[in-house]
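Structure, as structure tokens:
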Amino acid sequence: MCGIAGLLHLKGGTVDAGLIHKMCDVITHRGPDDQGYFIEENIALGMRRLSIIDLGAGHQPIYNEDKSVVVVFNGEIYNYKELRKDLENRSHRFYSHSDTEVIVHLYEEHGEKCIDHLRGMFAVALWDKKKRRLLLVRDRVGQKPLYYTIAKDTLYFGSEIKQLIISDEVERELNFESLDTYFSVGYVPGPETLFRNIGSLSPGHYMKVENGVHSIHKYWDINYSEKLETFREAEIIEKLQELITEAVRLRLVSDVPLGAFLSGGMDSSTVVGIMSKISNSSVKTFSVGFPPGKFDESPYARRVAKHFQTDHYEYTMEKLSTDLLEHLVWHHDEPVGDSSCIPLFLLSRLAKQHVTVALSGEGADELFAGYHQYPLERLGQYYDLLPKSAKHIIYKFVKALPLSNKFSRPLHGFWAAKQDPSYRSVCWMGVFNEEEKKKLFNPAAGFISDRPYSAFSSYWHNTTANNYLEKALYVDEKIYLPDDLLMKVDKMAMANSLEVRSPFLDHKLIEFVAQIPERMKLRGSIGKYVLKQAVKQIVPEEIIQRRKHGFNVPIQTWLTGWLEEYARDILSESNLRQQGIINPEYVHDLWSSMRGNTYNYDRRIWLLLMFQIWYGIFIERNIDVQA
């Protein structure tokens with residue numbers, strides 16, 4: 001597990017060796033154990049290493065036999081032993097036992113198609129000296145980030161945005177369309193970022209740069225067109241059990257201590273249960289809780305830990321420091337709209353005291369329809385079949401409902417979608433709606449986007465799924481999962497030099513689940529039906545039947561308590577007027593509404609607070625954060 005960096009002068013020239021060192025120094029947290037560089041003429045590659053496999057000889061960059069192919073790599077290749085055996089049978093010679101080395105030999109055998117053979121999570125930079133070709137590759141579901149920009153005929157890339165803006169040639173400009181989307185959904189969908197000229201390589205894609213020209217290619221996607229309709233339910237469940245167990249087993253390969261995150265929900269409990277069955281010793285598990293109340297899941301985590309007899313560790317969150325918030329935004333590179341990044345950071349810090357690798361349950365909800373909005377997607381499908389007269393009656397009813405109610409707000413979003421279901425799928429969980437954003441942004445700025453949901457619409461209308469549920473799952477797999485959840489996991493874990501592995505994100509498991517009929521994912525209003533059937537012999541019944549909780553944080557309590565003074569100062573009228581982006585009068589109204597316990601206003605203030613902190617760190621540079 002590492003962080004990588006690089007730069008390539010597209011029209012020739014000599015690279016600045018000092019710059020590639022600085023690009024790696026700023027991500028020392030990703031790789032405190034080692035560093036390495038390849039610098040030659042117009043290209044430089046660099047890496048910071050967190051040693052996981054082959055601790056002694058896995059130093060990067062890694063080369064092939066004649067050193068004509070060089071690679072720096074961030075991630076893990078879980079099938080590397082199998083690949084190595086096949087490559088050795090083809091007369092390739094290895095000088096290490098690292099998973100990284102299989103990449104250069106696979107490239108010799110298969111060229112760009114080498115990616116198809118990798119099973120794991122990865123961001124790869126590979127340089128072919130003979131062909132003067134650079135390949136940048138990101139894993140299929142986006143567990144490892146990879147950012148890039150082109151400035152003055154130079155391509156810069158790295159695991160974090162902060163590496164790119166070290167160069168004076170890369171401008172720090174706000175992407176206004178992405179800002180609109182951020183306030184709509186709470187994060188920035190790729191391949192855009194909140195920096196105007198910086199993008200992220202999409203999951204399942206690679207970039208090829210040859211003869212000064214770059215092109216981006218898709219190498220993997222989820223196929224919903226082939227279904228296991230002739231298979232009995234018991235056969236599907238048996239195969240699913242095999243694949244989940246295999247995915248966990250593959251992720252237990254490590255030369256350093258390993259444990260698991262445990263929330264007390266079904267997904268993490270499944271992973272811990274299988275680990276306990278496979279492992280010869282007690283599994284180390286980690287959880288974060290709050291003082292007793294509706295946000296605290298720690299009692300459930302304790303029950304699961306007791307059931308599987310794990311070596312369990314807990315951290316209880318109470319008052320935090322404002323310095324920590326600024327630190328997290330710096331690590332995240334973009335505003336942290338998802339407040340669960342805070343317990344995740346603290347969970348990672350706790351785990352790092354005992355292990356270097358932790359398994360987690362990310363990805364199961366998007367695979368098996370675990371979120372509350374998925375049954376509503378099915379309602380949307382029925383709604384579209386209604387005659388116009390019936391739709392008009394529903395419209396009048398919905399418009400009469402107050403926006404402040406937690407049940408009526410999603411319905412407003414549903415209607416606001418008009419006739420575009422891709423927009424509707426976002427509105428179920430949206431933050432600021434279109435009318436609110438007109439009040440939020442300073443009218444003088446004049447930059448409200450006319451396409452804040454274009455990424456969602458593109459994925460919705462370009463998938464092999466032919467029903468509303470699987471279209472919604474596909475959109476979440478392609479946007480919400482990589483650009484919110486996995487980005488958060490990567491950044492918060494790597495801030496603590498911790499590697500996180502997610503068995504439910506195994507691409508062979510994903511491909512199989514896509515073939516399962518949608519009625520087995522969502523049975524009536526019961527999400528994750530087939531997963532629940534597959535793990536009922538592993539996970540305690542009370543955990544399987546628990547209502548989904550989520551990694552929730554008491555934002556309103558914080559914003560009316562220890563965090564209020566700091567937040568009001570950051571969001572003060574003078575600060576907002578000087579900046580010229582946000583309307584201070586509307587922010588004042590939000591504070592008043594939140595004080596009245598009106599639904600969801602705390603989350604809106606949180607998004608504003610995180611944006612202002614980000615803007616101060618990265619654009620105005622008046623908030624100083626030490627790494």
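Chain labels A, B, ... are given in the sequence in which chains occur in the structure tokens; within each chain residues are numbered consecutively from 1, and ligands are likewise numbered from 1 in the order shown.
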
Compile the contact shell of His217 in chain A as a ChimeraX atom specification: residues with an atom at most 10 Å away, counting only C-alpha atoms, same-chain residues fewer than 3 positions apart removed.
/A:137,202,204-208,220

Take the residues just selected and output them with N, CA, C and O atoms as a JSON list (two decimals), in the first residue's frame.
[["chain", "number", "residue", "atom", "x", "y", "z"],
["A", 137, "VAL", "N", -3.53, 3.56, -14.49],
["A", 137, "VAL", "CA", -4.65, 2.63, -14.35],
["A", 137, "VAL", "C", -5.28, 2.77, -12.97],
["A", 137, "VAL", "O", -4.57, 2.86, -11.97],
["A", 202, "SER", "N", -11.49, 7.75, -13.83],
["A", 202, "SER", "CA", -12.68, 7.01, -13.40],
["A", 202, "SER", "C", -12.34, 5.55, -13.10],
["A", 202, "SER", "O", -11.44, 4.97, -13.71],
["A", 204, "GLY", "N", -12.30, 1.61, -13.29],
["A", 204, "GLY", "CA", -12.43, 0.75, -14.45],
["A", 204, "GLY", "C", -11.90, 1.37, -15.73],
["A", 204, "GLY", "O", -12.23, 0.91, -16.82],
["A", 205, "HIS", "N", -11.06, 2.39, -15.63],
["A", 205, "HIS", "CA", -10.49, 3.08, -16.79],
["A", 205, "HIS", "C", -8.97, 3.17, -16.68],
["A", 205, "HIS", "O", -8.42, 3.08, -15.58],
["A", 206, "TYR", "N", -8.33, 3.36, -17.82],
["A", 206, "TYR", "CA", -6.90, 3.66, -17.82],
["A", 206, "TYR", "C", -6.62, 4.78, -18.82],
["A", 206, "TYR", "O", -7.37, 4.97, -19.79],
["A", 207, "MET", "N", -5.56, 5.51, -18.56],
["A", 207, "MET", "CA", -5.10, 6.55, -19.47],
["A", 207, "MET", "C", -3.83, 6.08, -20.14],
["A", 207, "MET", "O", -2.93, 5.55, -19.48],
["A", 208, "LYS", "N", -3.75, 6.26, -21.45],
["A", 208, "LYS", "CA", -2.54, 5.97, -22.21],
["A", 208, "LYS", "C", -1.99, 7.26, -22.77],
["A", 208, "LYS", "O", -2.74, 8.06, -23.35],
["A", 220, "TRP", "N", -13.44, -2.12, -17.96],
["A", 220, "TRP", "CA", -14.33, -2.99, -17.19],
["A", 220, "TRP", "C", -15.63, -2.27, -16.88],
["A", 220, "TRP", "O", -15.65, -1.04, -16.72]]

Applying 7 Å and only C-alpha atoms, which residues near Asn496 in chain A remain after dropping the ones on its own chain fewer than 3 positions away? List them as a PyMOL selection string.
chain A and resi 29+348-349+352+492-493

Tell me, as a count of residues only, which residues lie within 9 Å of Ile538 in chain A, counting only C-alpha atoms; anything in the same chain fewer than 5 positions away does not count.
4

Between A:Glu41, A:Glu434, A:Asp34, A:Asp86, which residue has the minimum interatomic distance to Thr14 in chain A, considering only C-alpha atoms?
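Under the stated criterion, the closest residue is A:Glu41.
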
Distance criterion (only C-alpha atoms): nearest to Pro203 in chain A out of A:Val553, A:Leu146, A:Ala17, A:Ala125
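Checking each of A:Val553, A:Leu146, A:Ala17, A:Ala125 against Pro203 in chain A, counting only C-alpha atoms, the winner is A:Leu146.
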
Just want the 6 Å neighbourhood of Gln35 in chain A, counted on only C-alpha atoms, with same-chain residues fewer than 3 positions away dropped. Output as a list in words.
Met47, Arg48 and Arg49 of chain A

Using the selection just defined, write its residues with N, CA, C and O atoms as a CSV table (one decimal), in the first residue's frame.
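File produced: part_13.csv:
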chain,number,residue,atom,x,y,z
A,47,MET,N,7.1,7.3,-5.4
A,47,MET,CA,6.2,6.5,-4.5
A,47,MET,C,6.6,6.7,-3.1
A,47,MET,O,7.8,6.9,-2.8
A,48,ARG,N,5.6,6.5,-2.2
A,48,ARG,CA,5.9,6.3,-0.8
A,48,ARG,C,5.2,5.0,-0.4
A,48,ARG,O,4.1,4.7,-0.8
A,49,ARG,N,6.0,4.2,0.3
A,49,ARG,CA,5.5,2.8,0.6
A,49,ARG,C,5.1,2.5,2.0
A,49,ARG,O,5.8,2.9,3.0

Ranking A:Tyr300, A:Tyr156, A:Phe176, A:Phe504 by minimum distance to Ile543 in chain A and counting only C-alpha atoms, which one comes first?
A:Tyr300

d(CA of Arg249 in chain A, CA of Gln143 in chain A) in Å:
18.4 Å

Could you please write out, as a ChimeraX atom specification, every residue of range 173-293 of chain A that DSSP assigns to alpha helix (DSSP H)?
/A:176-185,233-250,266-278
